[in-house]
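Asker: structure_37.txt is reproduced below (compact mmCIF, N, CA and C atoms).
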```
# COMPACT_ATOMS: atom_id res chain seq x y z
N MET A 1 7.70 -3.81 16.95
CA MET A 1 6.83 -2.65 16.96
C MET A 1 6.99 -1.94 18.30
N ALA A 2 6.98 -0.64 18.23
CA ALA A 2 7.10 0.15 19.46
C ALA A 2 5.86 -0.07 20.33
N ASP A 3 6.09 -0.14 21.62
CA ASP A 3 5.00 -0.36 22.58
C ASP A 3 4.50 0.99 23.06
N ARG A 4 3.77 1.69 22.22
CA ARG A 4 3.27 3.03 22.53
C ARG A 4 1.81 2.95 22.96
N PRO A 5 1.39 3.85 23.83
CA PRO A 5 -0.02 3.87 24.22
C PRO A 5 -0.94 4.11 23.03
N GLU A 6 -0.46 4.86 22.02
CA GLU A 6 -1.27 5.16 20.83
C GLU A 6 -1.62 3.90 20.05
N TYR A 7 -0.82 2.86 20.24
CA TYR A 7 -0.96 1.66 19.42
C TYR A 7 -1.73 0.53 20.13
N GLN A 8 -2.49 0.84 21.14
CA GLN A 8 -3.11 -0.21 21.95
C GLN A 8 -4.59 -0.43 21.70
N SER A 9 -5.26 0.41 20.93
CA SER A 9 -6.70 0.24 20.74
C SER A 9 -7.02 -1.01 19.92
N ASP A 10 -8.23 -1.51 20.06
CA ASP A 10 -8.67 -2.65 19.27
C ASP A 10 -8.70 -2.32 17.79
N LEU A 11 -9.11 -1.09 17.45
CA LEU A 11 -9.15 -0.68 16.05
C LEU A 11 -7.73 -0.64 15.46
N PHE A 12 -6.77 -0.18 16.23
CA PHE A 12 -5.38 -0.17 15.78
C PHE A 12 -4.91 -1.60 15.51
N LYS A 13 -5.20 -2.50 16.43
CA LYS A 13 -4.77 -3.90 16.29
C LYS A 13 -5.42 -4.54 15.06
N LYS A 14 -6.68 -4.24 14.83
CA LYS A 14 -7.38 -4.75 13.65
C LYS A 14 -6.74 -4.21 12.37
N GLY A 15 -6.48 -2.91 12.36
CA GLY A 15 -5.84 -2.29 11.20
C GLY A 15 -4.43 -2.80 10.98
N LEU A 16 -3.71 -3.03 12.06
CA LEU A 16 -2.34 -3.52 11.96
C LEU A 16 -2.30 -4.89 11.29
N GLU A 17 -3.24 -5.73 11.62
CA GLU A 17 -3.30 -7.06 11.00
C GLU A 17 -3.48 -6.95 9.48
N VAL A 18 -4.39 -6.10 9.05
CA VAL A 18 -4.64 -5.94 7.61
C VAL A 18 -3.45 -5.26 6.94
N ARG A 19 -2.93 -4.23 7.57
CA ARG A 19 -1.79 -3.48 7.01
C ARG A 19 -0.60 -4.41 6.81
N ARG A 20 -0.31 -5.25 7.78
CA ARG A 20 0.80 -6.20 7.65
C ARG A 20 0.54 -7.19 6.52
N ALA A 21 -0.70 -7.69 6.42
CA ALA A 21 -1.03 -8.67 5.38
C ALA A 21 -0.85 -8.09 3.99
N VAL A 22 -1.19 -6.82 3.82
CA VAL A 22 -1.12 -6.20 2.49
C VAL A 22 0.29 -5.70 2.18
N LEU A 23 0.88 -4.95 3.10
CA LEU A 23 2.16 -4.29 2.82
C LEU A 23 3.38 -5.07 3.29
N GLY A 24 3.17 -6.08 4.11
CA GLY A 24 4.28 -6.86 4.63
C GLY A 24 4.65 -6.40 6.04
N ALA A 25 4.86 -7.37 6.91
CA ALA A 25 5.16 -7.08 8.31
C ALA A 25 6.47 -6.30 8.46
N GLU A 26 7.46 -6.63 7.66
CA GLU A 26 8.75 -5.94 7.77
C GLU A 26 8.61 -4.45 7.53
N TYR A 27 7.91 -4.08 6.47
CA TYR A 27 7.71 -2.66 6.16
C TYR A 27 6.90 -1.97 7.26
N VAL A 28 5.78 -2.57 7.63
CA VAL A 28 4.88 -1.95 8.61
C VAL A 28 5.55 -1.82 9.97
N ASP A 29 6.15 -2.90 10.43
CA ASP A 29 6.80 -2.85 11.74
C ASP A 29 7.94 -1.85 11.76
N GLY A 30 8.66 -1.73 10.65
CA GLY A 30 9.72 -0.74 10.55
C GLY A 30 9.17 0.68 10.62
N SER A 31 8.06 0.92 9.94
CA SER A 31 7.44 2.25 9.97
C SER A 31 7.01 2.62 11.38
N LEU A 32 6.43 1.67 12.07
CA LEU A 32 5.99 1.93 13.44
C LEU A 32 7.17 2.15 14.38
N ALA A 33 8.19 1.35 14.21
CA ALA A 33 9.36 1.46 15.09
C ALA A 33 10.09 2.78 14.89
N ARG A 34 10.09 3.30 13.67
CA ARG A 34 10.79 4.57 13.38
C ARG A 34 9.99 5.80 13.81
N ALA A 35 8.72 5.62 14.12
CA ALA A 35 7.87 6.77 14.46
C ALA A 35 8.30 7.35 15.82
N ASP A 36 8.58 8.63 15.80
CA ASP A 36 8.91 9.32 17.06
C ASP A 36 7.61 9.83 17.69
N ASP A 37 7.74 10.57 18.78
CA ASP A 37 6.55 11.07 19.47
C ASP A 37 5.67 11.93 18.56
N PHE A 38 6.27 12.67 17.66
CA PHE A 38 5.52 13.53 16.74
C PHE A 38 4.77 12.69 15.70
N PHE A 39 5.44 11.70 15.11
CA PHE A 39 4.88 10.94 13.98
C PHE A 39 3.97 9.79 14.41
N ALA A 40 4.04 9.39 15.67
CA ALA A 40 3.22 8.27 16.14
C ALA A 40 1.73 8.55 15.95
N SER A 41 1.33 9.80 16.08
CA SER A 41 -0.08 10.14 15.88
C SER A 41 -0.54 9.86 14.46
N PHE A 42 0.33 10.11 13.48
CA PHE A 42 -0.01 9.80 12.09
C PHE A 42 -0.11 8.29 11.90
N GLN A 43 0.82 7.55 12.49
CA GLN A 43 0.77 6.09 12.37
C GLN A 43 -0.53 5.55 12.96
N LYS A 44 -0.95 6.12 14.06
CA LYS A 44 -2.21 5.72 14.69
C LYS A 44 -3.38 6.01 13.75
N LEU A 45 -3.41 7.21 13.20
CA LEU A 45 -4.48 7.62 12.30
C LEU A 45 -4.58 6.69 11.10
N THR A 46 -3.48 6.47 10.42
CA THR A 46 -3.52 5.66 9.20
C THR A 46 -3.82 4.20 9.51
N THR A 47 -3.28 3.68 10.60
CA THR A 47 -3.52 2.27 10.92
C THR A 47 -4.97 2.04 11.35
N GLU A 48 -5.49 2.94 12.18
CA GLU A 48 -6.87 2.76 12.64
C GLU A 48 -7.90 3.03 11.55
N TYR A 49 -7.75 4.11 10.84
CA TYR A 49 -8.81 4.50 9.92
C TYR A 49 -8.64 3.99 8.51
N ALA A 50 -7.45 4.11 7.94
CA ALA A 50 -7.27 3.57 6.59
C ALA A 50 -7.37 2.04 6.61
N TRP A 51 -6.66 1.43 7.55
CA TRP A 51 -6.56 -0.03 7.57
C TRP A 51 -7.62 -0.69 8.46
N GLY A 52 -7.88 -0.14 9.62
CA GLY A 52 -8.84 -0.74 10.55
C GLY A 52 -10.29 -0.51 10.16
N GLU A 53 -10.59 0.66 9.62
CA GLU A 53 -11.96 1.00 9.22
C GLU A 53 -12.23 0.67 7.76
N ILE A 54 -11.43 1.22 6.85
CA ILE A 54 -11.74 1.12 5.42
C ILE A 54 -11.29 -0.21 4.81
N TRP A 55 -10.01 -0.55 4.95
CA TRP A 55 -9.53 -1.80 4.36
C TRP A 55 -10.19 -3.02 4.99
N SER A 56 -10.74 -2.90 6.17
CA SER A 56 -11.38 -4.03 6.85
C SER A 56 -12.86 -4.18 6.53
N ARG A 57 -13.41 -3.23 5.81
CA ARG A 57 -14.84 -3.30 5.47
C ARG A 57 -15.10 -4.47 4.53
N PRO A 58 -16.27 -5.09 4.63
CA PRO A 58 -16.58 -6.24 3.79
C PRO A 58 -17.06 -5.88 2.38
N GLY A 59 -17.30 -4.62 2.09
CA GLY A 59 -17.93 -4.23 0.83
C GLY A 59 -17.12 -4.47 -0.43
N LEU A 60 -15.79 -4.50 -0.32
CA LEU A 60 -14.93 -4.74 -1.48
C LEU A 60 -13.82 -5.71 -1.08
N PRO A 61 -13.45 -6.60 -1.97
CA PRO A 61 -12.31 -7.46 -1.67
C PRO A 61 -11.00 -6.66 -1.70
N ARG A 62 -10.00 -7.16 -1.03
CA ARG A 62 -8.70 -6.46 -0.98
C ARG A 62 -8.12 -6.24 -2.38
N LYS A 63 -8.32 -7.18 -3.26
CA LYS A 63 -7.80 -7.02 -4.62
C LYS A 63 -8.39 -5.76 -5.27
N THR A 64 -9.69 -5.58 -5.13
CA THR A 64 -10.35 -4.40 -5.70
C THR A 64 -9.85 -3.13 -5.04
N ARG A 65 -9.70 -3.15 -3.71
CA ARG A 65 -9.19 -1.98 -3.01
C ARG A 65 -7.78 -1.63 -3.51
N SER A 66 -6.96 -2.64 -3.73
CA SER A 66 -5.62 -2.40 -4.26
C SER A 66 -5.67 -1.77 -5.65
N MET A 67 -6.57 -2.27 -6.49
CA MET A 67 -6.69 -1.73 -7.84
C MET A 67 -7.11 -0.26 -7.79
N LEU A 68 -8.05 0.05 -6.92
CA LEU A 68 -8.48 1.44 -6.76
C LEU A 68 -7.32 2.32 -6.27
N ASN A 69 -6.57 1.81 -5.31
CA ASN A 69 -5.43 2.59 -4.79
C ASN A 69 -4.42 2.89 -5.88
N LEU A 70 -4.13 1.91 -6.72
CA LEU A 70 -3.17 2.14 -7.80
C LEU A 70 -3.66 3.26 -8.72
N ALA A 71 -4.93 3.24 -9.04
CA ALA A 71 -5.48 4.29 -9.91
C ALA A 71 -5.45 5.65 -9.23
N MET A 72 -5.85 5.70 -7.97
CA MET A 72 -5.87 6.98 -7.26
C MET A 72 -4.47 7.54 -7.04
N LEU A 73 -3.53 6.68 -6.70
CA LEU A 73 -2.16 7.15 -6.47
C LEU A 73 -1.51 7.60 -7.77
N THR A 74 -1.89 6.98 -8.88
CA THR A 74 -1.43 7.45 -10.19
C THR A 74 -2.01 8.83 -10.46
N ALA A 75 -3.31 8.99 -10.24
CA ALA A 75 -3.96 10.27 -10.49
C ALA A 75 -3.39 11.38 -9.63
N LEU A 76 -3.04 11.04 -8.40
CA LEU A 76 -2.49 12.03 -7.47
C LEU A 76 -0.99 12.24 -7.63
N ASN A 77 -0.37 11.43 -8.49
CA ASN A 77 1.08 11.48 -8.72
C ASN A 77 1.85 11.35 -7.41
N ARG A 78 1.63 10.24 -6.73
CA ARG A 78 2.28 9.94 -5.45
C ARG A 78 3.16 8.70 -5.63
N PRO A 79 4.36 8.87 -6.22
CA PRO A 79 5.18 7.71 -6.59
C PRO A 79 5.62 6.84 -5.41
N ALA A 80 5.96 7.40 -4.28
CA ALA A 80 6.41 6.57 -3.16
C ALA A 80 5.29 5.65 -2.68
N GLU A 81 4.10 6.20 -2.54
CA GLU A 81 2.96 5.38 -2.11
C GLU A 81 2.56 4.40 -3.21
N LEU A 82 2.66 4.82 -4.47
CA LEU A 82 2.34 3.93 -5.59
C LEU A 82 3.26 2.72 -5.56
N LYS A 83 4.55 2.95 -5.38
CA LYS A 83 5.50 1.84 -5.35
C LYS A 83 5.15 0.87 -4.21
N LEU A 84 4.85 1.41 -3.06
CA LEU A 84 4.47 0.58 -1.91
C LEU A 84 3.21 -0.22 -2.21
N HIS A 85 2.23 0.42 -2.82
CA HIS A 85 0.96 -0.26 -3.07
C HIS A 85 1.02 -1.21 -4.26
N VAL A 86 2.02 -1.09 -5.13
CA VAL A 86 2.22 -2.11 -6.16
C VAL A 86 2.54 -3.43 -5.48
N LYS A 87 3.43 -3.38 -4.51
CA LYS A 87 3.79 -4.59 -3.77
C LYS A 87 2.57 -5.15 -3.04
N GLY A 88 1.78 -4.27 -2.43
CA GLY A 88 0.57 -4.71 -1.76
C GLY A 88 -0.43 -5.30 -2.73
N ALA A 89 -0.56 -4.68 -3.90
CA ALA A 89 -1.51 -5.19 -4.90
C ALA A 89 -1.13 -6.60 -5.34
N LEU A 90 0.16 -6.83 -5.57
CA LEU A 90 0.60 -8.17 -5.94
C LEU A 90 0.29 -9.16 -4.82
N ASN A 91 0.49 -8.74 -3.57
CA ASN A 91 0.13 -9.58 -2.42
C ASN A 91 -1.36 -9.89 -2.40
N ASN A 92 -2.17 -8.98 -2.92
CA ASN A 92 -3.63 -9.14 -2.92
C ASN A 92 -4.16 -9.80 -4.19
N GLY A 93 -3.27 -10.30 -5.03
CA GLY A 93 -3.70 -11.06 -6.20
C GLY A 93 -3.85 -10.28 -7.49
N VAL A 94 -3.47 -9.00 -7.49
CA VAL A 94 -3.52 -8.22 -8.73
C VAL A 94 -2.31 -8.66 -9.57
N THR A 95 -2.54 -8.95 -10.84
CA THR A 95 -1.46 -9.40 -11.71
C THR A 95 -0.73 -8.21 -12.32
N ARG A 96 0.44 -8.46 -12.84
CA ARG A 96 1.19 -7.40 -13.53
C ARG A 96 0.43 -6.90 -14.75
N ASP A 97 -0.23 -7.79 -15.45
CA ASP A 97 -1.03 -7.35 -16.60
C ASP A 97 -2.19 -6.46 -16.15
N GLU A 98 -2.82 -6.80 -15.04
CA GLU A 98 -3.90 -5.95 -14.52
C GLU A 98 -3.35 -4.59 -14.09
N ILE A 99 -2.17 -4.57 -13.50
CA ILE A 99 -1.56 -3.29 -13.12
C ILE A 99 -1.31 -2.44 -14.36
N LYS A 100 -0.82 -3.06 -15.41
CA LYS A 100 -0.60 -2.33 -16.68
C LYS A 100 -1.91 -1.73 -17.17
N GLU A 101 -2.98 -2.50 -17.15
CA GLU A 101 -4.28 -2.01 -17.62
C GLU A 101 -4.80 -0.87 -16.74
N ILE A 102 -4.58 -0.96 -15.44
CA ILE A 102 -4.98 0.12 -14.53
C ILE A 102 -4.25 1.41 -14.89
N LEU A 103 -2.95 1.30 -15.15
CA LEU A 103 -2.17 2.49 -15.50
C LEU A 103 -2.63 3.08 -16.83
N LEU A 104 -2.89 2.24 -17.81
CA LEU A 104 -3.37 2.74 -19.10
C LEU A 104 -4.73 3.43 -18.95
N GLN A 105 -5.61 2.84 -18.17
CA GLN A 105 -6.93 3.44 -17.94
C GLN A 105 -6.79 4.81 -17.27
N THR A 106 -5.95 4.89 -16.24
CA THR A 106 -5.78 6.17 -15.56
C THR A 106 -5.08 7.18 -16.45
N GLY A 107 -4.24 6.70 -17.35
CA GLY A 107 -3.57 7.62 -18.28
C GLY A 107 -4.55 8.38 -19.14
N ILE A 108 -5.59 7.71 -19.59
CA ILE A 108 -6.59 8.36 -20.43
C ILE A 108 -7.40 9.39 -19.64
N TYR A 109 -7.74 9.06 -18.42
CA TYR A 109 -8.58 9.96 -17.63
C TYR A 109 -7.80 10.96 -16.78
N CYS A 110 -6.54 10.69 -16.50
CA CYS A 110 -5.75 11.57 -15.63
C CYS A 110 -4.60 12.25 -16.35
N GLY A 111 -4.31 11.81 -17.54
CA GLY A 111 -3.26 12.45 -18.33
C GLY A 111 -2.05 11.57 -18.54
N ILE A 112 -1.43 11.76 -19.67
CA ILE A 112 -0.25 10.99 -20.05
C ILE A 112 0.94 11.24 -19.12
N PRO A 113 1.20 12.48 -18.67
CA PRO A 113 2.34 12.66 -17.75
C PRO A 113 2.19 11.85 -16.46
N ALA A 114 1.00 11.81 -15.89
CA ALA A 114 0.77 11.01 -14.69
C ALA A 114 0.97 9.53 -15.00
N CYS A 115 0.50 9.10 -16.14
CA CYS A 115 0.62 7.71 -16.55
C CYS A 115 2.10 7.34 -16.76
N LEU A 116 2.85 8.20 -17.40
CA LEU A 116 4.27 7.95 -17.64
C LEU A 116 5.02 7.81 -16.32
N ASP A 117 4.79 8.74 -15.41
CA ASP A 117 5.45 8.66 -14.10
C ASP A 117 5.06 7.37 -13.38
N ALA A 118 3.79 6.99 -13.48
CA ALA A 118 3.33 5.77 -12.82
C ALA A 118 4.01 4.54 -13.43
N PHE A 119 4.10 4.49 -14.75
CA PHE A 119 4.78 3.36 -15.39
C PHE A 119 6.22 3.26 -14.91
N LYS A 120 6.93 4.38 -14.83
CA LYS A 120 8.32 4.36 -14.36
C LYS A 120 8.40 3.86 -12.92
N THR A 121 7.50 4.33 -12.08
CA THR A 121 7.48 3.92 -10.67
C THR A 121 7.18 2.43 -10.55
N VAL A 122 6.20 1.96 -11.29
CA VAL A 122 5.82 0.54 -11.23
C VAL A 122 6.95 -0.34 -11.76
N MET A 123 7.60 0.08 -12.82
CA MET A 123 8.72 -0.71 -13.34
C MET A 123 9.84 -0.79 -12.30
N ASP A 124 10.10 0.30 -11.59
CA ASP A 124 11.09 0.27 -10.50
C ASP A 124 10.66 -0.70 -9.40
N ALA A 125 9.39 -0.68 -9.06
CA ALA A 125 8.88 -1.60 -8.04
C ALA A 125 9.04 -3.04 -8.50
N PHE A 126 8.73 -3.33 -9.76
CA PHE A 126 8.88 -4.69 -10.28
C PHE A 126 10.35 -5.13 -10.21
N LYS A 127 11.27 -4.23 -10.56
CA LYS A 127 12.70 -4.57 -10.48
C LYS A 127 13.11 -4.91 -9.06
N GLU A 128 12.65 -4.12 -8.09
CA GLU A 128 12.96 -4.40 -6.69
C GLU A 128 12.38 -5.74 -6.25
N ILE A 129 11.15 -5.99 -6.62
CA ILE A 129 10.49 -7.25 -6.26
C ILE A 129 11.23 -8.42 -6.87
N ASP A 130 11.59 -8.31 -8.15
CA ASP A 130 12.26 -9.40 -8.85
C ASP A 130 13.66 -9.64 -8.32
N ALA A 131 14.31 -8.60 -7.80
CA ALA A 131 15.68 -8.72 -7.29
C ALA A 131 15.72 -9.20 -5.84
N ALA A 132 14.60 -9.10 -5.13
CA ALA A 132 14.57 -9.49 -3.72
C ALA A 132 14.72 -11.00 -3.59
N PRO A 133 15.46 -11.42 -2.57
CA PRO A 133 15.57 -12.87 -2.33
C PRO A 133 14.20 -13.46 -2.01
N LYS A 134 13.94 -14.60 -2.58
CA LYS A 134 12.66 -15.27 -2.35
C LYS A 134 12.72 -16.05 -1.05
N ALA A 135 11.64 -16.00 -0.30
CA ALA A 135 11.56 -16.78 0.94
C ALA A 135 11.46 -18.26 0.60
N ALA A 136 12.07 -19.07 1.43
CA ALA A 136 12.00 -20.52 1.21
C ALA A 136 10.56 -20.99 1.36
N GLU A 137 10.12 -21.77 0.42
CA GLU A 137 8.73 -22.25 0.45
C GLU A 137 8.66 -23.64 1.00
```
Output the file's structure as structure tokens, nothing else.
Answerer:
Amino acid sequence: MADRPEYQSDLFKKGLEVRRAVLGAEYVDGSLARADDFFASFQKLTTEYAWGEIWSRPGLPRKTRSMLNLAMLTALNRPAELKLHVKGALNNGVTRDEIKEILLQTGIYCGIPACLDAFKTVMDAFKEIDAAPKAAE
């Protein structure tokens, strides 16, 4: 991770811990390392507030937060973030069957085109996950 002044607050460190746990250290550390002077401010914002403030709150378990994110990202038609959060949802204990049900539910309330795109994105994410080398246990 880049040693930037923007990344030194306690809230950033708290958010970074949660962000790594959900999305994976490799992805998160790569995102931070690639951030230039312009983009570092966005990394600070998302790590402190999305992850340090919201994802760290005790009111909902991470699994529920992941399920909500999948539904919202489907509704907003944000395939790149949806793919990323599919991996996070699996890390948080959401099953593939639960993901399917989330997509079907959002399809009824958000429309079939959004649901179709989400199914395609999730199937791509599953293929990537299934093809990735498994860590030695």
Asker: Excluding A:Arg19 and any residue of its chain fewer than 4 positions from it, enumerate the residues within 7 Å of it, using only N, CA and C atoms, and give them as a PDB file with N, CA and C atoms, in the coordinates of the input.
Answerer:
```pdb
ATOM      1  N   LYS A  14      -6.680  -4.240  14.830  1.00  0.00           N
ATOM      2  CA  LYS A  14      -7.380  -4.750  13.650  1.00  0.00           C
ATOM      3  C   LYS A  14      -6.740  -4.210  12.370  1.00  0.00           C
ATOM      4  N   GLY A  15      -6.480  -2.910  12.360  1.00  0.00           N
ATOM      5  CA  GLY A  15      -5.840  -2.290  11.200  1.00  0.00           C
ATOM      6  C   GLY A  15      -4.430  -2.800  10.980  1.00  0.00           C
ATOM      7  N   LEU A  23       0.880  -4.950   3.100  1.00  0.00           N
ATOM      8  CA  LEU A  23       2.160  -4.290   2.820  1.00  0.00           C
ATOM      9  C   LEU A  23       3.380  -5.070   3.290  1.00  0.00           C
ATOM     10  N   GLY A  24       3.170  -6.080   4.110  1.00  0.00           N
ATOM     11  CA  GLY A  24       4.280  -6.860   4.630  1.00  0.00           C
ATOM     12  C   GLY A  24       4.650  -6.400   6.040  1.00  0.00           C
ATOM     13  N   ALA A  25       4.860  -7.370   6.910  1.00  0.00           N
ATOM     14  CA  ALA A  25       5.160  -7.080   8.310  1.00  0.00           C
ATOM     15  C   ALA A  25       6.470  -6.300   8.460  1.00  0.00           C
ATOM     16  N   VAL A  28       5.780  -2.570   7.630  1.00  0.00           N
ATOM     17  CA  VAL A  28       4.880  -1.950   8.610  1.00  0.00           C
ATOM     18  C   VAL A  28       5.550  -1.820   9.970  1.00  0.00           C
ATOM     19  N   TRP A  51      -6.660   1.430   7.550  1.00  0.00           N
ATOM     20  CA  TRP A  51      -6.560  -0.030   7.570  1.00  0.00           C
ATOM     21  C   TRP A  51      -7.620  -0.690   8.460  1.00  0.00           C
ATOM     22  N   GLY A  52      -7.880  -0.140   9.620  1.00  0.00           N
ATOM     23  CA  GLY A  52      -8.840  -0.740  10.550  1.00  0.00           C
ATOM     24  C   GLY A  52     -10.290  -0.510  10.160  1.00  0.00           C
TER      25      GLY A  52
END
```
Asker: Extract the full set of helix (DSSP H, G or I) residues from chain A according to DSSP on the backbone, and format it as a ChimeraX atom specification.
Answerer: /A:5-7,10-23,25-34,40-54,62-75,79-91,96-110,112-131
Asker: Show me, as a list in words, the residues that have an atom within 10 Å of A:Glu6 when counting only C-alpha atoms, minus same-chain residues fewer than 2 positions from it.
Answerer: Ala2, Asp3, Arg4, Gln8, Ser9, Phe12, Asp37, Ala40, Ser41, Phe42, Gln43, Lys44 and Leu45 of chain A
Asker: Take the residues just selected and output them with N, CA and C atoms as a JSON list (two decimals), in the coordinates of the input.
Answerer:
```json
[["chain", "number", "residue", "atom", "x", "y", "z"],
["A", 2, "ALA", "N", 6.98, -0.64, 18.23],
["A", 2, "ALA", "CA", 7.10, 0.15, 19.46],
["A", 2, "ALA", "C", 5.86, -0.07, 20.33],
["A", 3, "ASP", "N", 6.09, -0.14, 21.62],
["A", 3, "ASP", "CA", 5.00, -0.36, 22.58],
["A", 3, "ASP", "C", 4.50, 0.99, 23.06],
["A", 4, "ARG", "N", 3.77, 1.69, 22.22],
["A", 4, "ARG", "CA", 3.27, 3.03, 22.53],
["A", 4, "ARG", "C", 1.81, 2.95, 22.96],
["A", 8, "GLN", "N", -2.49, 0.84, 21.14],
["A", 8, "GLN", "CA", -3.11, -0.21, 21.95],
["A", 8, "GLN", "C", -4.59, -0.43, 21.70],
["A", 9, "SER", "N", -5.26, 0.41, 20.93],
["A", 9, "SER", "CA", -6.70, 0.24, 20.74],
["A", 9, "SER", "C", -7.02, -1.01, 19.92],
["A", 12, "PHE", "N", -6.77, -0.18, 16.23],
["A", 12, "PHE", "CA", -5.38, -0.17, 15.78],
["A", 12, "PHE", "C", -4.91, -1.60, 15.51],
["A", 37, "ASP", "N", 7.74, 10.57, 18.78],
["A", 37, "ASP", "CA", 6.55, 11.07, 19.47],
["A", 37, "ASP", "C", 5.67, 11.93, 18.56],
["A", 40, "ALA", "N", 4.04, 9.39, 15.67],
["A", 40, "ALA", "CA", 3.22, 8.27, 16.14],
["A", 40, "ALA", "C", 1.73, 8.55, 15.95],
["A", 41, "SER", "N", 1.33, 9.80, 16.08],
["A", 41, "SER", "CA", -0.08, 10.14, 15.88],
["A", 41, "SER", "C", -0.54, 9.86, 14.46],
["A", 42, "PHE", "N", 0.33, 10.11, 13.48],
["A", 42, "PHE", "CA", -0.01, 9.80, 12.09],
["A", 42, "PHE", "C", -0.11, 8.29, 11.90],
["A", 43, "GLN", "N", 0.82, 7.55, 12.49],
["A", 43, "GLN", "CA", 0.77, 6.09, 12.37],
["A", 43, "GLN", "C", -0.53, 5.55, 12.96],
["A", 44, "LYS", "N", -0.95, 6.12, 14.06],
["A", 44, "LYS", "CA", -2.21, 5.72, 14.69],
["A", 44, "LYS", "C", -3.38, 6.01, 13.75],
["A", 45, "LEU", "N", -3.41, 7.21, 13.20],
["A", 45, "LEU", "CA", -4.48, 7.62, 12.30],
["A", 45, "LEU", "C", -4.58, 6.69, 11.10]]
```
Asker: Grab the atom N of A:Ile99 to atom CA of A:Met67 distance for me, in Å with one decimal place.
Answerer: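 Atom-to-atom, atom N of A:Ile99 to atom CA of A:Met67, that is 7.8 Å.
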Asker: Neighbouring residues of stretch 71-88 of chain A were defined as those with any atom within 12 Å, considering only C-alpha atoms; residues of the same chain fewer than 2 positions away were excluded. Please report them as a VMD selection string.
Answerer: chain A and resid 18 to 25 27 to 28 62 to 69 90 to 96 98 to 130 132
Asker: In Å to one decimal, how far is atom CA of A:Asp29 from atom CA of A:Glu17?
Answerer: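 These atoms are spaced 11.0 Å apart.
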Asker: Quick one, how far is atom CA of A:Ala35 from atom C of A:Tyr7?
Answerer: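 According to the coordinates, atom CA of A:Ala35 and atom C of A:Tyr7 are separated by 12.8 Å.
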Asker: Given all atoms listed in the file as the basis, pick out the residue of A:Leu32, A:Ser56, A:Glu48, A:Ala89 nearest to A:Leu11.
Answerer: A:Glu48
